[in-house]
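Here is the structure we will look at, set down as structure tokens.
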4 protein chains.
Amino acid sequence: MPSDGFSHATELNVRFAETDAQGIAHNAAYLVWYEVARVDYLAHHAGGYNRIRDLGLEALTTETHVRYLGAVRFDDRLRINIRCGDLRGARFRFDYLIERVTDTGAEAVADGWTLHATVERETLRPTRVPEWLREAIEAAES
Amino acid sequence: MPSDGFSHATELNVRFAETDAQGIAHNAAYLVWYEVARVDYLAHHAGGYNRIRDLGLEALTTETHVRYLGAVRFDDRLRINIRCGDLRGARFRFDYLIERVTDTGAEAVADGWTLHATVERETLRPTRVPEWLREAIEAAES
Amino acid sequence: MPSDGFSHATELNVRFAETDAQGIAHNAAYLVWYEVARVDYLAHHAGGYNRIRDLGLEALTTETHVRYLGAVRFDDRLRINIRCGDLRGARFRFDYLIERVTDTGAEAVADGWTLHATVERETLRPTRVPEWLREAIEAAES
Amino acid sequence: MPSDGFSHATELNVRFAETDAQGIAHNAAYLVWYEVARVDYLAHHAGGYNRIRDLGLEALTTETHVRYLGAVRFDDRLRINIRCGDLRGARFRFDYLIERVTDTGAEAVADGWTLHATVERETLRPTRVPEWLREAIEAAES
């Protein structure tokens, strides 16, 4: 189901609230879709994002990048392809490819990546990615 | 500066991200503008919303109502008139009138109200509105 | 699948982006969920919202109401129950009941209603609900 | 008023709706703040974004980048520093530095850039940046 080179994919429809007066999806909505894909990735491969939160940890977003390849409109069916890699200490990276899915195929409409760091919730201090999460991600990506 | 019958007013410009593919501001944006006005009201009259949060309290929103009287567009200048009343125990109410402001005057574009309850953050249990906040609101509204 | 008295239901998970610093879903997110349910309702019963838009019409939101019955958190599974009624000329109304769905049942977390008017896109002038849409809604609700 | 190397600055307060359950501003909000700064830049230097739209043009966002340098919280006062450059044909670029402003100074909390292309609204086809806009930007940046 995910496209070549990706380990997971999430599908969603563009919400009307995510469009703007240009008649297309607003550029900030893509960061929300990235997040929906991350949450879904962690639910499938690592027991869910709340398992991280239950440890008193948060995964902060430290960098985001989106390349918009084509306009996306209300009710378009999107597939958010995602893979995780580059775990080092407290940091990890996700890569994304967003495709519009139609009856006749799929077309790339955006791609990009995000960087993250695990931190203690109370202090926001960086802390190593928990071992079980590292192992779960390595299993998902191998 | 506030319109007749209101005790406070906040001005803002409609953001492009707040519009949708109908070319007008999305209906959910009005609840965010209500909130911006509440925050500004509390900053001017009661030491700021963070003073409530610093006590370990939150003001939950328990009911919202918006009547949309006319389309609002990107970059329109809006005045959010607000007043607070009906404090009883843990509950209070805000009323709103949103006007579009132009060089030649102001025109009503929406009105409505919200209900709130003060709760303890950890338990979300209702707790009486703090006395200083009740007094501050009564002073603002008298 | 929909709860008693409702003709349609849509399920979704609360997005992290829809939460706020109170740790619960922001009050404006509920209006977006209402809209997701309306779009899904029209897709199932009336050929989709885009069928209305293709006629050069828009369905404006003229009034919204939400009653928040209990806190909703990140990743909660919600069922948005919806029914449509009260078509008169250009106007119609949707009613909603939002439930949190768990393994052991469903619990009401919000309810409310919205009013709408069909208008011509260019002029925003009210125009009668198209006959096919009226018939589709009456069929769905009977 | 803008920081060294920037030609314009816009200030705003973090809205409560822009925070998430981590207790800090959501990563997607920064793209909205970028946009608020672009709109303000164009209003001050080039007659406003609506002047572009009145020509039947839109400025699409084709790439966005944010580096999050420190957590930002509800009601923090932010200064969005912005400069425009690299106009070539239909394309241009904005750079940003977001600072938290306090009584005692300013601290960088994010930076990044966006790429844009001017297109005809109806076809979304690229079209050269209008000459008056190019001149206005060059004047602002010189």
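We name chains A, B, ... following the order of the structure tokens; residues begin at 1 in each chain, and ligands are numbered from 1 as shown.
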- request: May I have the residues within 8 Å of segment 64-72 of chain A as a count of residues only, using only C-alpha atoms and disregarding those fewer than 3 positions away in the same chain?
  value: 23
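Look at Ala106 of chain D: the protein and nucleic acid residues within 12 Å of it, using only C-alpha atoms and passing over chain neighbours fewer than 2 places away, are Met1, Pro2, Ser3, Asp76, Arg77, Leu78, Arg79, Ile80, Asn81, Leu97, Ile98, Glu99, Arg100, Val101, Thr102, Asp103, Thr104, Ala108 and Val109 of chain D.
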Alpha helix (DSSP H) call set, DSSP backbone run, segment 9-124 of chain A, as a list in words: Ala29, Tyr30, Leu31, Val32, Trp33, Tyr34, Glu35, Val36, Ala37, Arg38, Val39, Asp40, Tyr41, Leu42, Ala43, His44, His45, Tyr49, Asn50, Arg51, Ile52 and Arg53 of chain A
query: Counting only C-alpha atoms, which residues of chain D come no farther than 8 Å from chain B, as a ChimeraX atom specification?
result: /D:15-17,32,35-36
Writer output for current selection, N, CA, C and O atoms, as an mmCIF file, in the first residue's frame:
data_model
loop_
_atom_site.group_PDB
_atom_site.id
_atom_site.type_symbol
_atom_site.label_atom_id
_atom_site.label_comp_id
_atom_site.auth_asym_id
_atom_site.auth_seq_id
_atom_site.Cartn_x
_atom_site.Cartn_y
_atom_site.Cartn_z
ATOM 1 N N ARG D 15 -2.074 32.797 20.062
ATOM 2 C CA ARG D 15 -3.455 32.553 20.444
ATOM 3 C C ARG D 15 -3.571 31.232 21.197
ATOM 4 O O ARG D 15 -2.831 30.301 20.927
ATOM 5 N N PHE D 16 -4.559 31.145 22.085
ATOM 6 C CA PHE D 16 -4.756 29.889 22.812
ATOM 7 C C PHE D 16 -5.062 28.755 21.827
ATOM 8 O O PHE D 16 -4.578 27.623 21.981
ATOM 9 N N ALA D 17 -5.836 29.061 20.788
ATOM 10 C CA ALA D 17 -6.193 28.041 19.788
ATOM 11 C C ALA D 17 -4.968 27.530 19.034
ATOM 12 O O ALA D 17 -5.039 26.479 18.397
ATOM 13 N N VAL D 32 1.266 29.864 9.526
ATOM 14 C CA VAL D 32 0.243 30.909 9.513
ATOM 15 C C VAL D 32 0.880 32.249 9.898
ATOM 16 O O VAL D 32 0.590 33.282 9.297
ATOM 17 N N GLU D 35 2.640 33.739 7.082
ATOM 18 C CA GLU D 35 1.686 34.329 6.151
ATOM 19 C C GLU D 35 1.204 35.691 6.632
ATOM 20 O O GLU D 35 1.054 36.630 5.845
ATOM 21 N N VAL D 36 0.948 35.792 7.942
ATOM 22 C CA VAL D 36 0.544 37.080 8.517
ATOM 23 C C VAL D 36 1.640 38.120 8.231
ATOM 24 O O VAL D 36 1.350 39.269 7.863
#
query: Counting only C-alpha atoms, what is within 7 Å of Pro126 of chain A, bar same-chain residues fewer than 6 positions away, as a PyMOL selection string?
result: chain A and resi 90+117-120
Write the residues of the selection above to a file with C-alpha atoms, as a PDB file, in the first residue's frame.
ATOM      1  CA  ALA A  90      17.209  11.976  21.173  1.00  0.00           C
ATOM      2  CA  ALA A 117      13.493  15.209  19.466  1.00  0.00           C
ATOM      3  CA  THR A 118      12.199  13.272  22.449  1.00  0.00           C
ATOM      4  CA  VAL A 119      12.091  15.411  25.577  1.00  0.00           C
ATOM      5  CA  GLU A 120      10.892  15.120  29.159  1.00  0.00           C
TER       6      GLU A 120
END
task: Name all residues at most 10 Å from Val129 of chain D (count only C-alpha atoms; drop same-chain ones fewer than 3 positions away) and give them as a ChimeraX atom specification.
output: /D:52,57,59,87-92,117-119,126,132-135
- request: Run DSSP on the backbone and give me the residues of chain A it puts in strand (DSSP E or B), as a ChimeraX atom specification.
  value: /A:8-13,19,25,57-68,77-88,91-102,105-120,126
message: Using Å and a single decimal, report how far atom CA of Ala136 of chain B sits from atom CA of Ala46 of chain B.
response: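 Those two atoms sit 5.5 Å apart.
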task: Figure out the distance between atom CA of Ala21 of chain B and atom CA of Thr19 of chain A, please, to one decimal in Å.
output: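 Separating atom CA of Thr19 of chain A from atom CA of Ala21 of chain B is a distance of 5.4 Å.
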